[in-house]
Each structure stands twice: as C-alpha cells, then as structure tokens.
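Colleague: Input: one structure, supplied below.
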Amino acid sequence: MSDSSDFAFDALDWKIVDLLKANGRISNQEIAERLNVTRASVGSRIQRMTDAGALRIVAAADFGAYDYSVLIVLAIKVSGRAPQAVAEELAALPAIFAVHLVTGTHHVEALVAVHDFAELSDAVMASINRIAGIAHVDVCIATDVVFYNFDVGIAR
Amino acid sequence: MNRIDLDETDRAILDLLGEDARLSNRAIARRLELAEGTVRTRIKRLTDRRLLRFTAITDHRQHGNPEFAFLRIRADMRQAEAITEALRRYPQLRTVIMMLGNFNILAVGLFDSREEIGAITSDLLDGIPGVLDVQASIVTQSIKYNERIAKL
C-alpha cells in the first residue's frame, strides 16, 4: 500500500479534485480550460495524486444495479489469532465489500452485500464460519440507508 | 433497494467502467462491439437513474480529519425520525444506516481527533432524546473497501 500521508494536496490539486468529484469523467482538457492551466499540468497532478494513493477516479454503481438487495453489517470478535489475518481472509470473500480493523468491543467491522438471504446463509456465513479465529459474529441487517457518502475513502 | 432491470449491455458497460472510470465511450463501444451513440445513451440513462456515478475518491487524511470510526447507536426507534434528523447536523458523519439487531443505527464518520469522537459520542447521548447507547469503534487499519458499489 502506498502512503499518501507524507504528501498534501495544494490549492490547485484541490480545485482539480473538486471538479473530478463533481464529474469523474471530465476531460483533462476541460479541467485545464476551467482552471486556466495547461492540460499537461492537469495530467501530471492527477497522476501524482493517483500514484501517491490519495486519489482514485471511480465509476460507482448503485447496489441495485447489481441486484444487491440485502446489506449486512458484521461486528466480529477474534480469539487466539491476529485480527489482521482474519480480516484478510474476510476481505478475500467477494460479497464482503468493506473490512476494517477497529478498537473497541470487537476487532473487525465488515460490510456485506448479497442478492438475497439464501446467499447470505449458503455462501457468506458458511465461508465466514470456516475462517479460524472467529469467536463471535454480531449480525445487523440494514433496513434503510439514510445517507451514504463514499467520496472520502482509504489510501491504496 | 428495489430490483432494477438492467440488461447485459448495461452491466457490461458498468463492468468496464468499474475497471477504468476514464475509459472513453469510443473505447467501450469498440470493446463491446456497439455504436458509440449507444454507449453514450446507456451511460446517460444509468447516471440519470442514479445507478451510476462518476466521482473521485480522496484519501481521508488529505481532509484534515484523520480518524475514521464506526458509531453503533442503540436508540428508541419510536424516535428514529428525529434521531436521524439530528445525526444529519453532524458533518463528521458520512454515512448513516438503520439496522435490525443489537444496535439500530450505524453511523460512519471522519473526525479531527479521538477527542472529537469522544465529544460527539457524549453529545449524542446527552443531546438527542431516544439515544440509549453509543459504542465507538475506531478504525486502526482499513483492509478492504470496494467503492465500485455504493448507495447512490
């Protein structure tokens, strides 16, 4: 994983980022015209931010576009094994779209998206139950997403 | 999250854009053997229906609020509406999900400091009627986050 913490966006970087957040498909040419800088400068700044792991331009699809209709939040307690090793095994499961190591009453937070409850029990929970070191899984079913902002994320 | 009928062409376009959001309409058209106009129309329809969004994701540490935490809230659900309205007033909270389970609300936020997480936790408990318990889990390491799928 690259580390962007030793690198900070300057004012021009932020202006480029703001345009990209509003429209990830805006061309470098259009950004250059709007900000009155050269296209080469826009390209090199986007490249530098991307290489540092601080920026990713994405096409995000709604859960519904892939017919994901069930969203589950898992709080996992680990015992007798490093939580990181457990988290990495969880991350390998495609239905688990987010895995974070946390402090507090449990060790791992994981978010799961599945098409239906059959998939949750047959595929996801069966796979989770095979992972060594999981002492307890607290399962919460999302009933409503009140708001969801994902444009600030983690370094890559 | 209702079922939405997309055909194979829509999915194929979403899959290619998921790999590279900056792929041109012309390149998508060539790879899928479609007319460029078809690709343009499909992308427009998907974005208009809020099934697709092009954006840029930035490392949270660039925003000056380096602490990332999950707050699990146990609340009196008869007051759920007033509670979610109150949660909207905290710019630190980026995502709020209602749940069935041990806790009824999950709030995911970005914070200036651990002190701020503590202060907001106290504030929710003291200031919002119906909030019974708040448990904060501070992220020490993010292992995976697939931002290709989201609630748009």
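If you're wondering about the labels, chains in the structure tokens are A, B, ... by order shown, residues count from 1 in each chain, ligands from 1 in order shown.
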Using DSSP secondary structure from the backbone, list all helix (DSSP H, G or I) positions within range 25-93 of chain A, as a PyMOL selection string.

Modeller: chain A and resi 28-35+39-51+63-66+83-91

Colleague: Which residues are near Arg39 in chain A? Cut-off 6 Å, only C-alpha atoms, ignore same chain within fewer than 6 positions. Put them as a VMD selection string.

Modeller: chain A and resid 28 to 29 32

Colleague: Residues of chain B were defined as contacting chain A if any atom lay at most 6 Å from it, counting only C-alpha atoms; please report them as a VMD selection string.

Modeller: chain B and resid 1 3 17 to 18 21 to 22 51 to 60 94 to 101 137 to 146 148 to 152

Colleague: Check range 80-119 of chain B with DSSP on the backbone and list each residue it calls strand (DSSP E or B), as a PyMOL selection string.

Modeller: chain B and resi 93-100+105-111

Colleague: Quick one: of A:Val37, A:Ile76, A:Ile128, A:Leu120, who's nearest to Leu93 in chain A, counting only C-alpha atoms?

Modeller: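 When distances to Leu93 in chain A are compared using only C-alpha atoms, the smallest one comes from A:Ile128.
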